[in-house]
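Trainee: One structure, pasted below without further comment.
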There are 2 protein chains.
Amino acid sequence: MSRAVLPSQPAVGIDVGGQGVKAVLVDDQGTILKRWSDRDASAEGRSVDGVISRVAAAVAALSAPANAPLGVAVPGFFDTRRGVVCSSPNFPTWRDVPLRALLGDRLGRSVVIDNDANAAVAGEAWVGAACGLRDVLLITLGTGVGTGFLVNGALLRGARGAAGEGGHLVIRPGGRLCGCGQLGCLETYASGPGIAVTAADVWGDDAPSTAAGVFEAFAGGDPRAAEVVARFTDDLATGIAQMLHLFAPEAVVLGGGVAASMSRFQERLEARLRSAALPTSAADVFPLRVATLGGSAGAVGAAWLALQCPRSGSK
Amino acid sequence: MSRAVLPSQPAVGIDVGGQGVKAVLVDDQGTILKRWSDRDASAEGRSVDGVISRVAAAVAALSAPANAPLGVAVPGFFDTRRGVVCSSPNFPTWRDVPLRALLGDRLGRSVVIDNDANAAVAGEAWVGAACGLRDVLLITLGTGVGTGFLVNGALLRGARGAAGEGGHLVIRPGGRLCGCGQLGCLETYASGPGIAVTAADVWGDDAPSTAAGVFEAFAGGDPRAAEVVARFTDDLATGIAQMLHLFAPEAVVLGGGVAASMSRFQERLEARLRSAALPTSAADVFPLRVATLGGSAGAVGAAWLALQCPRSGSK
């Protein structure tokens with residue numbers, strides 16, 4: 001992945017999640033110069049006006065230079081060509097929000113918007129776990145399962161920016177109902193809540209209520225936890241294998257809260273993946289990598305996107 | 001998809017299949033100037049030496065100018081970075097064949113090699129059913145199920161050229177055994193032979209032995225054929241939906257022998273696909289398109305690949 005070509009050009013990257021905003025000011029080498037964050041999960045804070053005000057507050061708090069372009073990452077389904085957030089699980093009231101134009105008008109600077117998983121893979125390929133690679137799959141295992149794809153050094157966006165929804169690959173036809181309306185999506189099994197549902201299936205009422213609790217019990221030798229981890233790694237390997245068949249990347253990076261327990265399941269996951277993937281499509285992906293930018297990947301990647309985008313005038 | 005930039009530069013494209021070789025000489029606008037083909041399914045003709053000799057014969061028969069670059073499409077698993085055919089279902093004796101170097105040495109001209117489905121999507125996006133589009137999915141439904149992806153105007157190849165194996169997406173976990181070793185691949189249900197297997201399941205001994213026979217019986221109102229077509233369209237829609245989740249292209253083009261019957265199943269396939277795909281990822285793909293270059297898509301696309309590839313010296 002090539003670094004930004006403009007010398008000494010700072011950029012602002014902002015990752016807007018359901019719980020809070022994370023913002024960074026970075027230079028064109030990806031070095032974080034300043035950080036800022038808020039926490040606000042209120043309905044007002046998650047409204048369109050609320051988010052725009054919080055982004056404006058972040059830009060002001062970072063004392064970003066007037067010429068610093070702004071990249072904003074938001075979870076959801078996008079039409080990046082038009083700069084529109086079509087819908088977002090984290091912002092349920094949003095429908096076809098022209099976020100790029102709204103932010104450009106408010107802030108008077110160049111704005112790029114993209115999906116949070118796209119921003120995160122850009123960040124990890126810029127200065128993180130896949131630094132310098134050009135064909136990278138990032139899978140974020142958290143509240144949901146997000147995927148971002150770097151293809152030949154550029155983000156995979158599809159015709160309008162809706163590409164890269166690997167969390168909605170159907171891995172168990174007729175399986176669990178997903179928020180997207182399908183049955184059996186990867187997200188319903190391999191997200192944190194998905195793992196907790198499996199734990200409740202296996203364990204009954206006294207199951208751990210979180211994925212972290214499951215992995216802790218697994219480390220302690222609990223056979224029920226071992227069963228949950230076995231199912232999770234099978235399902236995740238199935239999902240990753242389908243993505244490898246299509247993308248055959250140089251690296252697979254796992255991020256998000258669940259990936260914090262990667263040491264507990266990496267060996268089994270890799271064994272299942274070697275079995276489930278075509279050898280040619282998985283030739284370069286072992287060992288699987290853990291994201292290194294943590295919660296900053298989306299904000300750093302959003303800044304990279306802003307630096308990549310050709311600008312004309314102030315927005 | 002941008003047209004070749006070199007003015008009046010002819011190129012040779014050759015599609016090497018299990019049954020024969022198809023070759024074209026095209027100009028840099030994709031106009032076919034000459035055609036040549038052979039038919040040879042013998043073991044000798046499908047050996048590495050046999051294929052190289054037949055490609056050389058095709059180039060000679062086309063009286064290709066010495067400066068015309070050569071693109072060769074072959075079915076199989078590739079390492080395009082090294083110019084190697086790792087394996088091929090149509091050429092069972094081939095193992096890690098350095099085809100690009102062998103052809104370059106023999107012919108003394110610039111050579112590009114790629115997967116036949118990649119070449120076909122390049123051809124259809126150059127001068128065929130997806131002319132001028134930049135994000136295109138081609139699905140070839142024939143002896144197998146091949147897929148080729150154009151992403152932002154470039155072929156999806158992955159780290160080494162092994163990307164784009166959509167025929168091996170698992171759509172029925174634990175289902176039919178595929179030649180790749182997996183169970184339940186799309187190819188085992190949506191290829192011509194896969195449809196014939198479904199027909200035998202539904203019908204018993206007097207089932208049509210070919211997909212064309214099934215579609216003919218379906219047109220005649222046979223309820224067993226209707227059941228086979230229903231299963232086929234369900235399975236194909238499931239597979240296409242997974243690819244749309246990841247790629248969200250501008251167009252989906254169906255080619256190969258089975259697509260010749262597209263008018264018989266297009267309506268039902270589109271209805272199932274609208275139900276199975278995320279709305280944002282399928283926004284641009286209706287109506288589905290039928291490939292227009294027919295059996296020439298691979299050869300024409302191979303020529304396009306040759307024109308795109310920067311050259312240095314004679315190979």
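In the structure tokens, chains take letters A, B, ... by order of appearance, with residues numbered from 1 within each chain and ligands from 1 in the order shown.
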Which polymer residues have any atom within 8 Å of an atom of Leu99 of chain B, counting only C-alpha atoms, with same-chain residues fewer than 4 positions away left out, as a PyMOL selection string?
Mentor: chain B and resi 83-85+103+113
Trainee: If you count only C-alpha atoms, which residues fall within 8 Å of Leu254 of chain B, apart from same-chain ones fewer than 2 positions away, as a ChimeraX atom specification?
Mentor: /B:138-141,252,256,259,288-291
Trainee: Restricting it to N, CA and C atoms, dump the selection as an mmCIF file, in the first residue's frame.
Mentor:
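The file below, out_15.cif, is the result:
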```
data_model
loop_
_atom_site.group_PDB
_atom_site.id
_atom_site.type_symbol
_atom_site.label_atom_id
_atom_site.label_comp_id
_atom_site.auth_asym_id
_atom_site.auth_seq_id
_atom_site.Cartn_x
_atom_site.Cartn_y
_atom_site.Cartn_z
ATOM 1 N N LEU B 138 -18.677 -12.002 -13.761
ATOM 2 C CA LEU B 138 -19.060 -12.958 -14.808
ATOM 3 C C LEU B 138 -19.106 -14.346 -14.201
ATOM 4 N N ILE B 139 -20.197 -15.045 -14.452
ATOM 5 C CA ILE B 139 -20.330 -16.426 -13.980
ATOM 6 C C ILE B 139 -20.525 -17.307 -15.199
ATOM 7 N N THR B 140 -19.608 -18.226 -15.389
ATOM 8 C CA THR B 140 -19.693 -19.147 -16.519
ATOM 9 C C THR B 140 -20.249 -20.472 -16.027
ATOM 10 N N LEU B 141 -21.433 -20.809 -16.521
ATOM 11 C CA LEU B 141 -22.108 -22.041 -16.123
ATOM 12 C C LEU B 141 -21.937 -23.049 -17.245
ATOM 13 N N VAL B 252 -24.009 -8.275 -13.408
ATOM 14 C CA VAL B 252 -23.721 -9.709 -13.343
ATOM 15 C C VAL B 252 -24.007 -10.278 -14.730
ATOM 16 N N GLY B 256 -21.546 -19.298 -20.653
ATOM 17 C CA GLY B 256 -21.424 -20.753 -20.663
ATOM 18 C C GLY B 256 -22.679 -21.411 -21.206
ATOM 19 N N ALA B 259 -26.173 -20.867 -19.635
ATOM 20 C CA ALA B 259 -26.744 -19.532 -19.811
ATOM 21 C C ALA B 259 -27.454 -19.384 -21.147
ATOM 22 N N LEU B 288 -30.219 -9.245 -14.863
ATOM 23 C CA LEU B 288 -28.998 -9.997 -15.108
ATOM 24 C C LEU B 288 -28.734 -10.030 -16.614
ATOM 25 N N ARG B 289 -27.477 -10.109 -16.985
ATOM 26 C CA ARG B 289 -27.114 -10.045 -18.400
ATOM 27 C C ARG B 289 -26.616 -11.401 -18.902
ATOM 28 N N VAL B 290 -26.841 -11.646 -20.178
ATOM 29 C CA VAL B 290 -26.290 -12.843 -20.806
ATOM 30 C C VAL B 290 -25.040 -12.435 -21.579
ATOM 31 N N ALA B 291 -23.987 -13.216 -21.440
ATOM 32 C CA ALA B 291 -22.748 -12.944 -22.169
ATOM 33 C C ALA B 291 -23.030 -12.862 -23.658
#
```
Trainee: Sorted by chain and rising residue number, which residues of chain B lie within 6 Å of chain A, and what are their closest atom pairs and distances in Å to one decimal, counting only C-alpha atoms, as CSV?
Mentor:
```
residue,atom,partner,partner_atom,distance
B:Asp135,CA,A:Ala159,CA,5.9
B:Gly158,CA,A:Ala248,CA,4.8
B:Ala159,CA,A:Pro249,CA,5.1
B:Ala162,CA,A:Ser281,CA,5.5
B:Ala163,CA,A:Phe247,CA,4.6
B:Gly164,CA,A:Leu246,CA,4.3
B:Glu165,CA,A:His245,CA,5.1
B:Gly166,CA,A:Leu246,CA,5.9
B:Leu169,CA,A:Gln242,CA,5.6
B:Gln242,CA,A:Leu169,CA,5.6
B:His245,CA,A:Glu165,CA,5.1
B:Leu246,CA,A:Gly164,CA,4.3
B:Phe247,CA,A:Ala163,CA,4.6
B:Ala248,CA,A:Ala163,CA,4.7
B:Pro249,CA,A:Ala159,CA,5.1
B:Glu250,CA,A:Ala159,CA,5.3
B:Thr280,CA,A:Ala162,CA,5.9
B:Ser281,CA,A:Ala162,CA,5.5
```
Trainee: Those residues with all heavy atoms, as a compact mmCIF listing (two decimals), in the first residue's frame please?
Mentor:
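Saved file again13.txt follows:
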```
# COMPACT_ATOMS: atom_id res chain seq x y z
N ASP B 135 -17.04 -2.60 -12.64
CA ASP B 135 -17.23 -3.56 -11.55
C ASP B 135 -18.21 -4.61 -12.02
O ASP B 135 -19.42 -4.39 -12.05
CB ASP B 135 -17.76 -2.84 -10.30
CG ASP B 135 -16.69 -2.01 -9.61
OD1 ASP B 135 -15.91 -2.59 -8.84
OD2 ASP B 135 -16.61 -0.80 -9.88
N GLY B 158 -5.96 -11.33 -6.57
CA GLY B 158 -5.43 -11.71 -5.28
C GLY B 158 -3.92 -11.64 -5.26
O GLY B 158 -3.28 -11.19 -6.22
N ALA B 159 -3.33 -12.11 -4.17
CA ALA B 159 -1.89 -11.95 -3.99
C ALA B 159 -1.09 -12.62 -5.10
O ALA B 159 -0.08 -12.11 -5.54
CB ALA B 159 -1.48 -12.51 -2.63
N ALA B 162 -4.72 -16.39 -7.52
CA ALA B 162 -5.62 -17.50 -7.21
C ALA B 162 -7.02 -17.04 -6.84
O ALA B 162 -7.88 -17.85 -6.50
CB ALA B 162 -5.04 -18.34 -6.06
N ALA B 163 -7.28 -15.73 -6.90
CA ALA B 163 -8.58 -15.22 -6.46
C ALA B 163 -9.68 -15.57 -7.46
O ALA B 163 -9.41 -16.04 -8.56
CB ALA B 163 -8.50 -13.70 -6.28
N GLY B 164 -10.92 -15.34 -7.04
CA GLY B 164 -12.04 -15.43 -7.97
C GLY B 164 -12.61 -16.82 -8.17
O GLY B 164 -13.18 -17.11 -9.20
N GLU B 165 -12.47 -17.68 -7.15
CA GLU B 165 -12.99 -19.04 -7.30
C GLU B 165 -14.40 -19.17 -6.73
O GLU B 165 -14.68 -19.93 -5.81
CB GLU B 165 -12.03 -20.03 -6.61
CG GLU B 165 -10.68 -20.15 -7.30
CD GLU B 165 -10.78 -20.76 -8.70
OE1 GLU B 165 -11.79 -21.42 -9.00
OE2 GLU B 165 -9.83 -20.54 -9.49
N GLY B 166 -15.33 -18.39 -7.32
CA GLY B 166 -16.71 -18.38 -6.83
C GLY B 166 -17.44 -19.70 -7.02
O GLY B 166 -18.40 -19.97 -6.31
N LEU B 169 -17.55 -21.60 -3.72
CA LEU B 169 -18.28 -21.17 -2.53
C LEU B 169 -19.16 -22.34 -2.08
O LEU B 169 -19.84 -22.97 -2.90
CB LEU B 169 -19.19 -19.98 -2.86
CG LEU B 169 -18.48 -18.65 -3.09
CD1 LEU B 169 -19.49 -17.60 -3.52
CD2 LEU B 169 -17.76 -18.20 -1.82
N GLN B 242 -24.02 -14.37 -2.28
CA GLN B 242 -22.80 -14.28 -1.47
C GLN B 242 -21.76 -13.40 -2.18
O GLN B 242 -21.07 -12.60 -1.55
CB GLN B 242 -22.20 -15.66 -1.19
CG GLN B 242 -23.17 -16.72 -0.67
CD GLN B 242 -24.03 -16.24 0.47
OE1 GLN B 242 -23.52 -15.76 1.49
NE2 GLN B 242 -25.33 -16.33 0.31
N HIS B 245 -22.78 -9.75 -1.86
CA HIS B 245 -22.46 -9.22 -0.53
C HIS B 245 -21.03 -8.69 -0.50
O HIS B 245 -20.74 -7.69 0.14
CB HIS B 245 -22.59 -10.30 0.53
CG HIS B 245 -23.98 -10.78 0.76
ND1 HIS B 245 -24.28 -11.93 1.44
CD2 HIS B 245 -25.17 -10.25 0.40
CE1 HIS B 245 -25.58 -12.08 1.47
NE2 HIS B 245 -26.15 -11.09 0.85
N LEU B 246 -20.15 -9.40 -1.18
CA LEU B 246 -18.74 -9.02 -1.12
C LEU B 246 -18.37 -7.99 -2.18
O LEU B 246 -17.55 -7.12 -1.91
CB LEU B 246 -17.86 -10.27 -1.26
CG LEU B 246 -18.01 -11.25 -0.09
CD1 LEU B 246 -17.18 -12.50 -0.34
CD2 LEU B 246 -17.57 -10.61 1.23
N PHE B 247 -18.98 -8.05 -3.37
CA PHE B 247 -18.49 -7.21 -4.48
C PHE B 247 -19.43 -6.09 -4.90
O PHE B 247 -18.96 -5.11 -5.47
CB PHE B 247 -18.17 -8.09 -5.70
CG PHE B 247 -16.98 -8.98 -5.49
CD1 PHE B 247 -17.13 -10.30 -5.11
CD2 PHE B 247 -15.70 -8.48 -5.64
CE1 PHE B 247 -16.03 -11.11 -4.89
CE2 PHE B 247 -14.59 -9.28 -5.43
CZ PHE B 247 -14.76 -10.61 -5.05
N ALA B 248 -20.72 -6.23 -4.66
CA ALA B 248 -21.67 -5.19 -5.06
C ALA B 248 -21.34 -4.59 -6.42
O ALA B 248 -21.08 -3.39 -6.54
CB ALA B 248 -21.73 -4.10 -3.98
N PRO B 249 -21.33 -5.40 -7.47
CA PRO B 249 -20.88 -4.91 -8.78
C PRO B 249 -21.96 -4.11 -9.52
O PRO B 249 -23.09 -3.98 -9.04
CB PRO B 249 -20.58 -6.21 -9.54
CG PRO B 249 -21.58 -7.17 -8.99
CD PRO B 249 -21.74 -6.80 -7.53
N GLU B 250 -21.57 -3.59 -10.68
CA GLU B 250 -22.52 -2.87 -11.53
C GLU B 250 -23.33 -3.83 -12.39
O GLU B 250 -24.41 -3.45 -12.88
CB GLU B 250 -21.76 -1.95 -12.49
CG GLU B 250 -21.06 -0.80 -11.85
CD GLU B 250 -20.16 -0.11 -12.86
OE1 GLU B 250 -19.07 -0.66 -13.15
OE2 GLU B 250 -20.54 0.95 -13.35
N THR B 280 -28.64 -3.21 -0.89
CA THR B 280 -27.57 -2.31 -1.33
C THR B 280 -26.56 -3.01 -2.23
O THR B 280 -25.99 -2.39 -3.13
CB THR B 280 -26.80 -1.73 -0.12
OG1 THR B 280 -26.52 -2.78 0.80
CG2 THR B 280 -27.63 -0.67 0.59
N SER B 281 -26.35 -4.30 -2.00
CA SER B 281 -25.32 -4.99 -2.78
C SER B 281 -25.86 -5.43 -4.14
O SER B 281 -25.08 -5.76 -5.03
CB SER B 281 -24.77 -6.18 -2.01
OG SER B 281 -25.75 -7.17 -1.84
```
Trainee: Can you tell me, as an mmCIF file with all heavy atoms, in the first residue's frame, what residues are no more than 10 Å from Tyr189 of chain B when counting only C-alpha atoms, ignoring any on the same chain fewer than 6 positions away?
Mentor:
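Output (selection.cif):
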```
data_model
loop_
_atom_site.group_PDB
_atom_site.id
_atom_site.type_symbol
_atom_site.label_atom_id
_atom_site.label_comp_id
_atom_site.auth_asym_id
_atom_site.auth_seq_id
_atom_site.Cartn_x
_atom_site.Cartn_y
_atom_site.Cartn_z
ATOM 1 N N GLY B 144 -18.106 -26.711 -15.497
ATOM 2 C CA GLY B 144 -17.964 -26.290 -14.107
ATOM 3 C C GLY B 144 -18.644 -24.954 -13.938
ATOM 4 O O GLY B 144 -19.422 -24.524 -14.801
ATOM 5 N N VAL B 145 -18.376 -24.294 -12.805
ATOM 6 C CA VAL B 145 -18.834 -22.919 -12.603
ATOM 7 C C VAL B 145 -17.597 -22.062 -12.388
ATOM 8 O O VAL B 145 -16.911 -22.198 -11.369
ATOM 9 C CB VAL B 145 -19.789 -22.799 -11.395
ATOM 10 C CG1 VAL B 145 -20.104 -21.335 -11.105
ATOM 11 C CG2 VAL B 145 -21.080 -23.569 -11.658
ATOM 12 N N GLY B 167 -16.990 -20.502 -7.940
ATOM 13 C CA GLY B 167 -17.613 -21.813 -8.130
ATOM 14 C C GLY B 167 -17.419 -22.724 -6.936
ATOM 15 O O GLY B 167 -18.151 -23.711 -6.772
ATOM 16 N N ILE B 171 -22.316 -23.616 -0.783
ATOM 17 C CA ILE B 171 -23.687 -23.136 -0.609
ATOM 18 C C ILE B 171 -24.570 -24.143 0.113
ATOM 19 O O ILE B 171 -25.618 -23.795 0.629
ATOM 20 C CB ILE B 171 -24.328 -22.759 -1.961
ATOM 21 C CG1 ILE B 171 -24.335 -23.977 -2.892
ATOM 22 C CG2 ILE B 171 -23.597 -21.584 -2.605
ATOM 23 C CD1 ILE B 171 -25.434 -23.883 -3.915
ATOM 24 N N ARG B 172 -24.139 -25.411 0.144
ATOM 25 C CA ARG B 172 -24.862 -26.432 0.913
ATOM 26 C C ARG B 172 -23.839 -27.207 1.741
ATOM 27 O O ARG B 172 -23.305 -28.220 1.284
ATOM 28 C CB ARG B 172 -25.614 -27.391 -0.014
ATOM 29 C CG ARG B 172 -26.793 -26.772 -0.754
ATOM 30 C CD ARG B 172 -27.515 -27.848 -1.577
ATOM 31 N NE ARG B 172 -28.681 -27.323 -2.240
ATOM 32 C CZ ARG B 172 -29.925 -27.373 -1.723
ATOM 33 N NH1 ARG B 172 -30.126 -27.949 -0.547
ATOM 34 N NH2 ARG B 172 -30.936 -26.871 -2.399
ATOM 35 N N GLY B 175 -22.887 -30.951 1.540
ATOM 36 C CA GLY B 175 -23.563 -31.394 0.317
ATOM 37 C C GLY B 175 -22.664 -32.210 -0.601
ATOM 38 O O GLY B 175 -21.757 -32.912 -0.147
ATOM 39 N N ARG B 176 -22.912 -32.071 -1.900
ATOM 40 C CA ARG B 176 -22.226 -32.914 -2.884
ATOM 41 C C ARG B 176 -20.711 -32.728 -2.872
ATOM 42 O O ARG B 176 -20.223 -31.614 -2.707
ATOM 43 C CB ARG B 176 -22.747 -32.586 -4.290
ATOM 44 C CG ARG B 176 -24.180 -32.971 -4.508
ATOM 45 C CD ARG B 176 -24.636 -32.572 -5.911
ATOM 46 N NE ARG B 176 -26.072 -32.790 -6.030
ATOM 47 C CZ ARG B 176 -26.827 -32.255 -6.983
ATOM 48 N NH1 ARG B 176 -26.278 -31.475 -7.909
ATOM 49 N NH2 ARG B 176 -28.120 -32.500 -7.020
ATOM 50 N N CYS B 178 -17.239 -32.112 -4.307
ATOM 51 C CA CYS B 178 -16.727 -31.371 -5.457
ATOM 52 C C CYS B 178 -15.342 -31.901 -5.823
ATOM 53 O O CYS B 178 -14.638 -32.467 -4.985
ATOM 54 C CB CYS B 178 -16.659 -29.888 -5.106
ATOM 55 S SG CYS B 178 -16.090 -28.826 -6.461
ATOM 56 N N ILE B 195 -26.678 -29.843 -12.675
ATOM 57 C CA ILE B 195 -28.113 -29.832 -12.975
ATOM 58 C C ILE B 195 -28.573 -31.239 -13.369
ATOM 59 O O ILE B 195 -29.652 -31.695 -12.955
ATOM 60 C CB ILE B 195 -28.409 -28.811 -14.094
ATOM 61 C CG1 ILE B 195 -28.124 -27.391 -13.587
ATOM 62 C CG2 ILE B 195 -29.858 -28.931 -14.570
ATOM 63 C CD1 ILE B 195 -28.128 -26.329 -14.674
ATOM 64 N N ALA B 196 -27.729 -31.946 -14.117
ATOM 65 C CA ALA B 196 -28.083 -33.311 -14.515
ATOM 66 C C ALA B 196 -28.169 -34.233 -13.297
ATOM 67 O O ALA B 196 -29.043 -35.115 -13.227
ATOM 68 C CB ALA B 196 -27.066 -33.840 -15.525
ATOM 69 N N VAL B 197 -27.288 -34.025 -12.311
ATOM 70 C CA VAL B 197 -27.360 -34.832 -11.084
ATOM 71 C C VAL B 197 -28.666 -34.549 -10.339
ATOM 72 O O VAL B 197 -29.344 -35.473 -9.867
ATOM 73 C CB VAL B 197 -26.147 -34.541 -10.163
ATOM 74 C CG1 VAL B 197 -26.340 -35.166 -8.784
ATOM 75 C CG2 VAL B 197 -24.862 -35.048 -10.808
ATOM 76 N N THR B 198 -29.041 -33.274 -10.267
ATOM 77 C CA THR B 198 -30.301 -32.929 -9.624
ATOM 78 C C THR B 198 -31.476 -33.574 -10.366
ATOM 79 O O THR B 198 -32.421 -34.083 -9.755
ATOM 80 C CB THR B 198 -30.479 -31.402 -9.571
ATOM 81 O OG1 THR B 198 -29.343 -30.831 -8.928
ATOM 82 C CG2 THR B 198 -31.736 -31.015 -8.805
ATOM 83 N N ARG B 231 -34.783 -25.887 -7.944
ATOM 84 C CA ARG B 231 -33.601 -26.118 -7.085
ATOM 85 C C ARG B 231 -32.373 -25.410 -7.647
ATOM 86 O O ARG B 231 -31.593 -24.811 -6.908
ATOM 87 C CB ARG B 231 -33.325 -27.626 -6.965
ATOM 88 C CG ARG B 231 -34.408 -28.373 -6.216
ATOM 89 C CD ARG B 231 -33.917 -29.765 -5.876
ATOM 90 N NE ARG B 231 -35.010 -30.635 -5.457
ATOM 91 C CZ ARG B 231 -34.857 -31.894 -5.095
ATOM 92 N NH1 ARG B 231 -33.658 -32.456 -5.125
ATOM 93 N NH2 ARG B 231 -35.889 -32.618 -4.721
ATOM 94 N N PHE B 232 -32.189 -25.519 -8.961
ATOM 95 C CA PHE B 232 -31.033 -24.888 -9.607
ATOM 96 C C PHE B 232 -31.050 -23.371 -9.382
ATOM 97 O O PHE B 232 -30.031 -22.779 -9.003
ATOM 98 C CB PHE B 232 -31.053 -25.216 -11.109
ATOM 99 C CG PHE B 232 -30.282 -24.266 -11.979
ATOM 100 C CD1 PHE B 232 -28.895 -24.201 -11.911
ATOM 101 C CD2 PHE B 232 -30.944 -23.422 -12.869
ATOM 102 C CE1 PHE B 232 -28.189 -23.313 -12.721
ATOM 103 C CE2 PHE B 232 -30.247 -22.536 -13.675
ATOM 104 C CZ PHE B 232 -28.862 -22.478 -13.597
ATOM 105 N N THR B 233 -32.196 -22.743 -9.580
ATOM 106 C CA THR B 233 -32.232 -21.284 -9.428
ATOM 107 C C THR B 233 -32.052 -20.888 -7.962
ATOM 108 O O THR B 233 -31.418 -19.878 -7.672
ATOM 109 C CB THR B 233 -33.532 -20.686 -9.998
ATOM 110 O OG1 THR B 233 -34.654 -21.400 -9.498
ATOM 111 C CG2 THR B 233 -33.541 -20.748 -11.513
ATOM 112 N N ASP B 234 -32.609 -21.665 -7.041
ATOM 113 C CA ASP B 234 -32.366 -21.385 -5.619
ATOM 114 C C ASP B 234 -30.876 -21.435 -5.309
ATOM 115 O O ASP B 234 -30.330 -20.546 -4.645
ATOM 116 C CB ASP B 234 -33.076 -22.413 -4.730
ATOM 117 C CG ASP B 234 -34.571 -22.143 -4.608
ATOM 118 O OD1 ASP B 234 -35.056 -21.191 -5.253
ATOM 119 O OD2 ASP B 234 -35.244 -22.888 -3.878
ATOM 120 N N ASP B 235 -30.236 -22.492 -5.772
ATOM 121 C CA ASP B 235 -28.816 -22.673 -5.453
ATOM 122 C C ASP B 235 -27.963 -21.593 -6.119
ATOM 123 O O ASP B 235 -27.053 -21.033 -5.502
ATOM 124 C CB ASP B 235 -28.350 -24.062 -5.905
ATOM 125 C CG ASP B 235 -28.937 -25.169 -5.048
ATOM 126 O OD1 ASP B 235 -29.316 -24.894 -3.885
ATOM 127 O OD2 ASP B 235 -29.023 -26.311 -5.532
ATOM 128 N N LEU B 236 -28.265 -21.302 -7.366
ATOM 129 C CA LEU B 236 -27.486 -20.285 -8.070
ATOM 130 C C LEU B 236 -27.697 -18.910 -7.430
ATOM 131 O O LEU B 236 -26.739 -18.145 -7.244
ATOM 132 C CB LEU B 236 -27.870 -20.263 -9.556
ATOM 133 C CG LEU B 236 -27.112 -19.282 -10.444
ATOM 134 C CD1 LEU B 236 -25.601 -19.506 -10.372
ATOM 135 C CD2 LEU B 236 -27.599 -19.391 -11.895
#
```
Trainee: Please provide the set of residues having any atom within 10 Å of Trp94 of chain B, restricted to only C-alpha atoms, with same-chain residues fewer than 3 positions apart removed, written as a list in words.
Mentor: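 My list of contacting residues is Arg46, Ser47, Val48, Gly76, Val85, Cys86, Ser87, Ser88, Pro89, Asn90, Phe91 and Val97 of chain B.
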Trainee: Quick one: residues within 6 Å of segment 6-18 of chain B, only C-alpha atoms, excluding same-chain residues fewer than 4 positions away - as a PyMOL selection string?
Mentor: chain B and resi 22-28+68-74+90+298-300+302-303
Trainee: I'd like the interatomic distance between atom CA of Gly192 of chain A and atom CA of Val214 of chain A, to a tenth of an Å.
Mentor: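 Computed distance, atom CA of Gly192 of chain A to atom CA of Val214 of chain A, equals 10.0 Å.
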Trainee: Would you return as a PyMOL selection string the members of segment 25-270 of chain B that DSSP assigns to alpha helix (DSSP H) on this structure's backbone?
Mentor: chain B and resi 48-61+99-107+116-127+187-190+192-203+211-219+223-247+262-270
Trainee: Near Pro223 of chain A, within 12 Å and counting only C-alpha atoms, which residues show up once chain neighbours fewer than 5 positions away are dropped, as a ChimeraX atom specification?
Mentor: /A:199,202-203,214-218,228-230
